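Shown next: upload07.cif, containing mmCIF, C-alpha atoms and all ligand atoms.
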```
data_work
loop_
_atom_site.label_atom_id
_atom_site.label_comp_id
_atom_site.auth_asym_id
_atom_site.auth_seq_id
_atom_site.Cartn_x
_atom_site.Cartn_y
_atom_site.Cartn_z
CA MET Q 1342 -54.99 4.00 8.31
CA THR Q 1343 -51.34 5.03 8.37
CA ILE Q 1344 -49.09 6.40 11.11
CA HIS Q 1345 -50.06 9.99 10.33
CA ILE Q 1346 -53.40 9.70 8.50
CA GLY Q 1347 -56.32 8.17 10.38
CA ALA Q 1348 -58.58 7.74 7.32
CA GLU Q 1349 -59.68 4.35 6.04
CA LYS Q 1350 -58.42 3.43 2.56
CA GLY Q 1351 -61.54 4.39 0.63
CA GLN Q 1352 -61.86 7.72 2.43
CA ILE Q 1353 -59.04 9.47 0.51
CA ALA Q 1354 -59.87 10.60 -3.04
CA PRO Q 1355 -57.45 10.12 -5.98
CA THR Q 1356 -57.20 13.95 -6.15
CA VAL Q 1357 -55.73 15.68 -3.10
CA LEU Q 1358 -55.27 19.41 -2.50
CA MET Q 1359 -52.61 20.17 0.09
CA PRO Q 1360 -52.55 23.50 1.94
CA GLY Q 1361 -49.86 23.84 4.60
CA ASP Q 1362 -52.31 25.00 7.24
CA PRO Q 1363 -54.84 22.42 8.51
CA TYR Q 1364 -57.38 25.19 9.26
CA ARG Q 1365 -57.16 26.26 5.62
CA ALA Q 1366 -57.90 22.64 4.69
CA ARG Q 1367 -61.05 22.87 6.79
CA TRP Q 1368 -62.02 26.25 5.34
CA ALA Q 1369 -61.42 25.15 1.75
CA ALA Q 1370 -63.34 21.91 2.22
CA GLN Q 1371 -66.30 23.68 3.85
CA THR Q 1372 -66.28 26.44 1.22
CA PHE Q 1373 -65.74 24.49 -2.01
CA LEU Q 1374 -66.69 20.84 -1.49
CA ASP Q 1375 -70.13 19.29 -1.33
CA ALA Q 1376 -70.70 17.07 1.70
CA PRO Q 1377 -67.20 17.49 3.17
CA GLU Q 1378 -66.40 14.82 5.74
CA LEU Q 1379 -63.54 14.96 8.25
CA VAL Q 1380 -61.33 11.97 7.40
CA ASN Q 1381 -58.17 12.82 9.36
CA GLU Q 1382 -57.40 14.65 12.57
CA THR Q 1383 -54.29 12.80 13.68
CA ARG Q 1384 -51.96 15.43 15.24
CA GLY Q 1385 -54.53 18.05 14.29
CA MET Q 1386 -53.48 17.84 10.62
CA LEU Q 1387 -57.05 18.04 9.33
CA GLY Q 1388 -58.11 16.27 6.14
CA TYR Q 1389 -61.56 16.37 4.52
CA THR Q 1390 -63.09 14.45 1.63
CA GLY Q 1391 -66.10 15.63 -0.36
CA THR Q 1392 -66.99 16.27 -3.97
CA TRP Q 1393 -66.46 19.16 -6.36
CA LYS Q 1394 -68.78 19.19 -9.40
CA GLY Q 1395 -69.34 15.50 -8.66
CA HIS Q 1396 -65.64 14.61 -8.51
CA PRO Q 1397 -64.28 13.18 -5.25
CA VAL Q 1398 -61.62 15.43 -3.69
CA THR Q 1399 -59.59 15.28 -0.48
CA ILE Q 1400 -58.13 18.43 1.07
CA GLN Q 1401 -55.37 17.42 3.47
CA GLY Q 1402 -53.06 19.74 5.42
CA SER Q 1403 -49.36 19.15 4.79
CA GLY Q 1404 -47.87 21.14 7.65
CA MET Q 1405 -45.02 23.59 7.07
CA GLY Q 1406 -41.76 22.57 5.43
CA MET Q 1407 -40.66 19.66 3.28
CA PRO Q 1408 -40.10 17.09 6.06
CA SER Q 1409 -43.74 17.49 7.12
CA LEU Q 1410 -45.14 17.55 3.58
CA SER Q 1411 -43.03 14.49 2.74
CA ILE Q 1412 -44.70 12.43 5.46
CA TYR Q 1413 -48.21 13.24 4.23
CA ALA Q 1414 -47.42 12.99 0.52
CA ASN Q 1415 -45.62 9.65 0.98
CA GLU Q 1416 -48.58 8.17 2.83
CA LEU Q 1417 -51.14 9.66 0.43
CA ILE Q 1418 -49.27 8.23 -2.56
CA ARG Q 1419 -48.03 4.89 -1.22
CA ASP Q 1420 -50.84 3.89 1.12
CA PHE Q 1421 -53.89 5.72 -0.25
CA ASP Q 1422 -52.95 5.66 -3.96
CA ALA Q 1423 -53.39 9.42 -4.49
CA GLN Q 1424 -52.83 10.22 -8.19
CA THR Q 1425 -53.00 14.01 -8.36
CA LEU Q 1426 -51.51 16.17 -5.60
CA ILE Q 1427 -51.79 19.94 -5.79
CA ARG Q 1428 -50.19 22.19 -3.22
CA ILE Q 1429 -52.20 25.34 -2.52
CA GLY Q 1430 -50.32 27.77 -0.36
CA SER Q 1431 -48.68 31.10 0.16
CA CYS Q 1432 -45.25 32.28 -0.89
CA GLY Q 1433 -42.94 35.23 -0.59
CA GLY Q 1434 -42.51 37.25 -3.79
CA MET Q 1435 -38.93 37.70 -4.98
CA GLN Q 1436 -39.08 39.56 -8.30
CA PRO Q 1437 -40.00 43.27 -8.40
CA HIS Q 1438 -42.83 42.58 -10.87
CA VAL Q 1439 -44.39 39.95 -8.58
CA LYS Q 1440 -46.92 41.76 -6.38
CA LEU Q 1441 -48.89 40.87 -3.25
CA ARG Q 1442 -51.98 38.69 -4.08
CA ASP Q 1443 -50.50 37.61 -7.43
CA ILE Q 1444 -50.72 33.93 -8.28
CA ILE Q 1445 -47.64 31.89 -9.12
CA VAL Q 1446 -47.93 28.55 -10.92
CA ALA Q 1447 -44.64 26.81 -10.16
CA MET Q 1448 -43.01 25.16 -13.17
CA THR Q 1449 -39.88 24.16 -11.24
CA ALA Q 1450 -38.86 24.26 -7.58
CA SER Q 1451 -35.18 24.75 -6.79
CA SER Q 1452 -33.77 24.08 -3.33
CA ILE Q 1453 -30.63 23.79 -1.25
CA SER Q 1454 -31.89 20.43 -0.04
CA THR Q 1455 -35.03 18.34 0.20
CA PRO Q 1456 -35.80 15.20 2.23
CA SER Q 1457 -34.92 13.36 -1.02
CA SER Q 1458 -31.47 14.94 -1.41
CA GLY Q 1459 -29.80 11.94 0.21
CA ILE Q 1460 -30.77 9.60 -2.59
CA PHE Q 1461 -29.47 11.93 -5.32
CA ARG Q 1462 -26.00 12.52 -3.79
CA GLU Q 1463 -24.04 14.58 -6.35
CA PHE Q 1464 -26.95 14.85 -8.79
CA ASN Q 1465 -28.80 18.20 -8.90
CA TYR Q 1466 -32.27 16.95 -9.71
CA ALA Q 1467 -34.70 19.58 -11.09
CA PRO Q 1468 -38.15 19.08 -9.51
CA THR Q 1469 -40.73 19.89 -12.19
CA ALA Q 1470 -44.51 20.29 -12.24
CA ASP Q 1471 -46.77 17.99 -14.23
CA TRP Q 1472 -47.19 19.64 -17.62
CA GLY Q 1473 -50.87 18.78 -18.06
CA LEU Q 1474 -51.76 20.20 -14.65
CA LEU Q 1475 -49.62 23.27 -15.22
CA ARG Q 1476 -51.23 23.98 -18.57
CA ALA Q 1477 -54.73 23.42 -17.14
CA ALA Q 1478 -54.00 25.74 -14.18
CA VAL Q 1479 -52.84 28.50 -16.50
CA ALA Q 1480 -55.95 28.02 -18.65
CA ALA Q 1481 -58.15 28.18 -15.53
CA CYS Q 1482 -56.46 31.44 -14.51
CA GLU Q 1483 -57.00 32.95 -17.93
CA ALA Q 1484 -60.66 31.84 -17.96
CA ASN Q 1485 -61.09 33.82 -14.72
CA SER Q 1486 -59.19 36.90 -16.00
CA ILE Q 1487 -56.28 36.16 -13.66
CA GLN Q 1488 -52.80 36.58 -15.12
CA PRO Q 1489 -50.52 34.18 -13.24
CA HIS Q 1490 -46.75 34.21 -13.06
CA VAL Q 1491 -45.56 30.87 -14.44
CA GLY Q 1492 -41.99 29.80 -13.78
CA ALA Q 1493 -39.39 28.92 -11.18
CA ILE Q 1494 -39.75 29.05 -7.41
CA TYR Q 1495 -37.46 28.27 -4.49
CA SER Q 1496 -38.41 25.73 -1.81
CA SER Q 1497 -36.56 26.80 1.31
CA ASP Q 1498 -35.90 24.97 4.56
CA VAL Q 1499 -36.16 28.19 6.53
CA PHE Q 1500 -38.71 30.96 6.83
CA TYR Q 1501 -36.28 33.18 8.74
CA ASP Q 1502 -33.60 33.35 6.10
CA GLU Q 1503 -29.98 34.28 6.82
CA ARG Q 1504 -28.60 34.23 3.25
CA PRO Q 1505 -29.38 37.55 1.51
CA ASP Q 1506 -26.50 36.82 -0.89
CA LEU Q 1507 -28.19 33.63 -2.08
CA ASN Q 1508 -31.56 35.37 -2.40
CA ALA Q 1509 -29.89 37.98 -4.60
CA GLU Q 1510 -28.59 35.23 -6.92
CA MET Q 1511 -32.05 33.72 -7.08
CA VAL Q 1512 -33.59 37.07 -7.99
CA ARG Q 1513 -30.88 37.50 -10.63
CA HIS Q 1514 -31.77 34.06 -12.05
CA GLY Q 1515 -35.50 34.69 -12.30
CA ILE Q 1516 -36.86 32.88 -9.24
CA LEU Q 1517 -40.38 34.24 -8.77
CA GLY Q 1518 -41.07 33.37 -5.16
CA VAL Q 1519 -40.13 31.33 -2.11
CA GLU Q 1520 -42.12 28.75 -0.16
CA MET Q 1521 -41.19 25.62 1.75
CA GLU Q 1522 -42.84 22.50 0.26
CA ALA Q 1523 -43.09 22.19 -3.54
CA ALA Q 1524 -39.66 20.70 -4.39
CA GLU Q 1525 -40.29 17.61 -2.29
CA LEU Q 1526 -43.86 17.24 -3.60
CA TYR Q 1527 -42.63 17.36 -7.21
CA THR Q 1528 -39.84 14.89 -6.47
CA LEU Q 1529 -42.17 12.36 -4.83
CA ALA Q 1530 -44.70 12.67 -7.64
CA ALA Q 1531 -41.95 11.95 -10.18
CA ARG Q 1532 -40.70 8.96 -8.17
CA TYR Q 1533 -44.15 7.37 -8.02
CA ASN Q 1534 -45.37 8.52 -11.44
CA ARG Q 1535 -48.11 10.78 -10.08
CA ARG Q 1536 -49.17 14.30 -11.08
CA ALA Q 1537 -48.17 17.28 -8.95
CA LEU Q 1538 -48.45 21.05 -9.10
CA ALA Q 1539 -48.08 24.01 -6.74
CA VAL Q 1540 -50.38 27.01 -7.10
CA LEU Q 1541 -49.29 29.80 -4.78
CA THR Q 1542 -50.55 33.19 -3.66
CA VAL Q 1543 -48.00 35.89 -2.88
CA SER Q 1544 -48.59 36.75 0.79
CA ASP Q 1545 -45.44 38.77 1.46
CA HIS Q 1546 -42.52 40.21 -0.48
CA LEU Q 1547 -38.86 39.74 0.30
CA GLY Q 1548 -37.82 42.83 -1.63
CA THR Q 1549 -40.32 45.34 -0.25
CA GLY Q 1550 -41.06 43.77 3.14
CA GLU Q 1551 -44.83 44.14 2.55
CA ALA Q 1552 -47.25 41.46 3.81
CA LEU Q 1553 -50.94 40.83 3.14
CA PRO Q 1554 -53.30 41.73 5.96
CA SER Q 1555 -54.99 38.58 7.21
CA GLU Q 1556 -58.48 39.61 5.97
CA ASP Q 1557 -57.12 39.79 2.40
CA ARG Q 1558 -55.68 36.32 2.52
CA GLU Q 1559 -58.99 34.50 2.30
CA LYS Q 1560 -60.09 35.99 -1.03
CA SER Q 1561 -56.72 35.34 -2.65
CA PHE Q 1562 -56.79 31.84 -1.26
CA ALA Q 1563 -60.24 31.25 -2.78
CA ASP Q 1564 -58.99 32.02 -6.31
CA MET Q 1565 -56.16 29.55 -5.80
CA VAL Q 1566 -58.47 26.72 -4.62
CA GLU Q 1567 -60.74 27.22 -7.64
CA ILE Q 1568 -57.77 27.19 -10.01
CA ALA Q 1569 -56.41 24.01 -8.43
CA LEU Q 1570 -59.77 22.24 -8.61
CA SER Q 1571 -60.35 23.31 -12.23
CA ALA Q 1572 -56.85 22.11 -13.20
CA ALA Q 1573 -57.30 18.74 -11.49
CA PHE Q 1574 -60.42 17.92 -13.50
CA ALA Q 1575 -59.68 19.70 -16.80
N1 LIG Q 1601 -40.48 32.50 2.93
C1 LIG Q 1601 -40.71 31.18 2.97
N2 LIG Q 1601 -41.92 30.66 2.88
C2 LIG Q 1601 -42.96 31.49 2.73
C3 LIG Q 1601 -42.79 32.87 2.68
C4 LIG Q 1601 -41.50 33.40 2.77
O1 LIG Q 1601 -41.29 34.62 2.73
N3 LIG Q 1601 -44.02 33.43 2.55
C5 LIG Q 1601 -44.90 32.43 2.53
N4 LIG Q 1601 -44.27 31.24 2.62
#
```

For the file at hand, write its structure as structure tokens.
Ligand code: HPA
Amino acid sequence: MTIHIGAEKGQIAPTVLMPGDPYRARWAAQTFLDAPELVNETRGMLGYTGTWKGHPVTIQGSGMGMPSLSIYANELIRDFDAQTLIRIGSCGGMQPHVKLRDIIVAMTASSISTPSSGIFREFNYAPTADWGLLRAAVAACEANSIQPHVGAIYSSDVFYDERPDLNAEMVRHGILGVEMEAAELYTLAARYNRRALAVLTVSDHLGTGEALPSEDREKSFADMVEIALSAAFA
């Protein structure tokens, strides 16, 4: 048991999927895992452990934003010895060729700051996905006739952004989409020599202002969970 995760040590699997939304953790666990068991409900940040094709898996909500994800990822890594952490979540599309419902596999995650920025001081660290997981996720997409976008994303500290000038520079430099968690997850995984990846579904678009209707979100989310699980055990 830790401050934010009420599970006993053996109740968290070495492989953890992390959606931002705790209700999506519940939905994904009940939809994809065999014998899912609720292992955390501290602060309502639901976590479930079950098996997928015989492999133990935990699906634990991270909350929104890097400070929240950092708390859960730190405890999962340092106290529960999680080895593979895959964020499954939504993002805003930034490039014109990135469409609603598309899947982005994030190779790198740029940011203005992360909870780890303080330790780097003047150094601009480049948070990077685990290559083996990234390659396996792309292979899983292709096996399911899904063509993902693979490349750079932006992990923002704000959903309600006030810097259109900066967004324009990001678009100009190829950033595919924006979300709020991956850069810190990648940084923590590097620090503790664990594997991390973010697989994202485009739920809205900064350029066009479109957003997915809520009934469409579930199906897109399902593809992402399957890709993440296949990558974890490839
Ligand atoms: N901005 C930041 N995070 C997001 C967005 C967005 O537009 N969409 C989904 N997560």

Please indicate the distance in Å from CA of Thr1549 in chain Q to CA of Val1519 in chain Q, rounded to one decimal place.
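We find that CA of Thr1549 in chain Q and CA of Val1519 in chain Q lie 14.1 Å from each other.
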
Using all atoms listed in the file: which of Q:Thr1383, Q:Ser1561, Q:Thr1390, Q:Gln1352 has the shortest distance to Ala1370 in chain Q
Q:Thr1390

Please, which residues in range 1507-1552 of chain Q fall within 8 Å of range 1409-1415 of chain Q when counting only C-alpha atoms, and what is the closest atom pair and distance in Å to one decimal for each, ordered by chain then residue number, as a tab-separated table?
```
residue	atom	partner	partner_atom	distance
Q:Glu1522	CA	Q:Leu1410	CA	6.4
Q:Glu1525	CA	Q:Ser1411	CA	6.5
Q:Leu1526	CA	Q:Ala1414	CA	6.9
Q:Leu1529	CA	Q:Asn1415	CA	7.3
```

Using only C-alpha atoms and all ligand atoms, what are the residues with an atom within 6 Å of ligand LIG 1601 (chain Q), set out as a list in words?
Ser1431, Cys1432, Gly1433, Phe1500, Val1519, Glu1520, Met1521, Ser1544 and Asp1545 of chain Q

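When CA of Met1405 in chain Q is paired with CA of Asp1422 in chain Q, their separation reads 22.5 Å.
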
Using only C-alpha atoms, can you list as a PyMOL selection string the residues within 10 Å of (-35.4, 36.5, -8.8)?
chain Q and resi 1434-1439+1493-1495+1508-1519+1548

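Within 10 Å of Arg1384 in chain Q, once only C-alpha atoms are used and residues closer than 4 positions along the same chain are dropped, the contacting residues are His1345, Ile1346 and Gly1347 of chain Q.
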
Which residues are close to Leu1358 in chain Q, i.e. within 8 Å by all atoms listed in the file, leaving aside same-chain residues fewer than 3 positions away? Reply as a list in words.
Val1398, Thr1399, Ile1400, Gln1401, Leu1426, Ile1427, Arg1428, Ile1429 and Ala1569 of chain Q

Within 7 Å of range 1472-1474 of chain Q, counting only C-alpha atoms, which residues qualify if same-chain residues fewer than 3 places away don't, as a ChimeraX atom specification?
/Q:1477-1478,1538,1572-1573

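Of the listed residues Q:Asp1471, Q:Asp1506, Q:Glu1463, Q:Asp1420, the one whose atoms come nearest to Thr1449 in chain Q is Q:Asp1471, with distances taken using all atoms listed in the file.
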
Using all atoms listed in the file for the distances, tell me which of Q:Ala1537, Q:Ala1524, Q:Ala1484, Q:Leu1417 is nearest to Ala1470 in chain Q.
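Smallest distance to Ala1470 in chain Q is found for Q:Ala1537.
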
At a cut-off of 8 Å, using only C-alpha atoms, what residues contact Asp1443 in chain Q? Leave out same-chain residues fewer than 3 positions from it and give the result as a short mmCIF file (atom, residue, chain, number, x, y, z; two decimals) with C-alpha atoms, in the coordinates of the input.
```cif
data_model
loop_
_atom_site.label_atom_id
_atom_site.label_comp_id
_atom_site.auth_asym_id
_atom_site.auth_seq_id
_atom_site.Cartn_x
_atom_site.Cartn_y
_atom_site.Cartn_z
CA VAL Q 1439 -44.39 39.95 -8.58
CA LYS Q 1440 -46.92 41.76 -6.38
CA PRO Q 1489 -50.52 34.18 -13.24
CA HIS Q 1490 -46.75 34.21 -13.06
CA THR Q 1542 -50.55 33.19 -3.66
CA VAL Q 1543 -48.00 35.89 -2.88
#
```

Return the single residue from Q:Asn1465, Q:Phe1562, Q:Glu1349, Q:Ile1418 that is closest to Asp1362 in chain Q, with distances computed using all atoms listed in the file.
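Among Q:Asn1465, Q:Phe1562, Q:Glu1349, Q:Ile1418, it is Q:Phe1562 that comes nearest to Asp1362 in chain Q.
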
What is the distance, in Å and to one decimal place, between CA of Gly1459 in chain Q and CA of Asp1502 in chain Q?
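Going from CA of Gly1459 in chain Q over to CA of Asp1502 in chain Q covers 22.5 Å.
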
Using all atoms listed in the file, which of the listed residues (Q:Trp1393, Q:Tyr1527, Q:Tyr1501, Q:Phe1421) sits closest to Ser1451 in chain Q?
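Smallest distance to Ser1451 in chain Q is found for Q:Tyr1527.
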
Closest of Q:Gly1430, Q:Gly1391, Q:Pro1377, Q:Gly1351 to Pro1363 in chain Q - atom-to-atom distances counting only C-alpha atoms
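Closest to Pro1363 in chain Q, using only C-alpha atoms: Q:Gly1430.
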
Surrounding residues of Ala1366 in chain Q excluding itself and chain neighbours under 6 positions, 9 Å, all atoms listed in the file, as a PyMOL selection string:
chain Q and resi 1358-1360+1386-1389+1400-1402
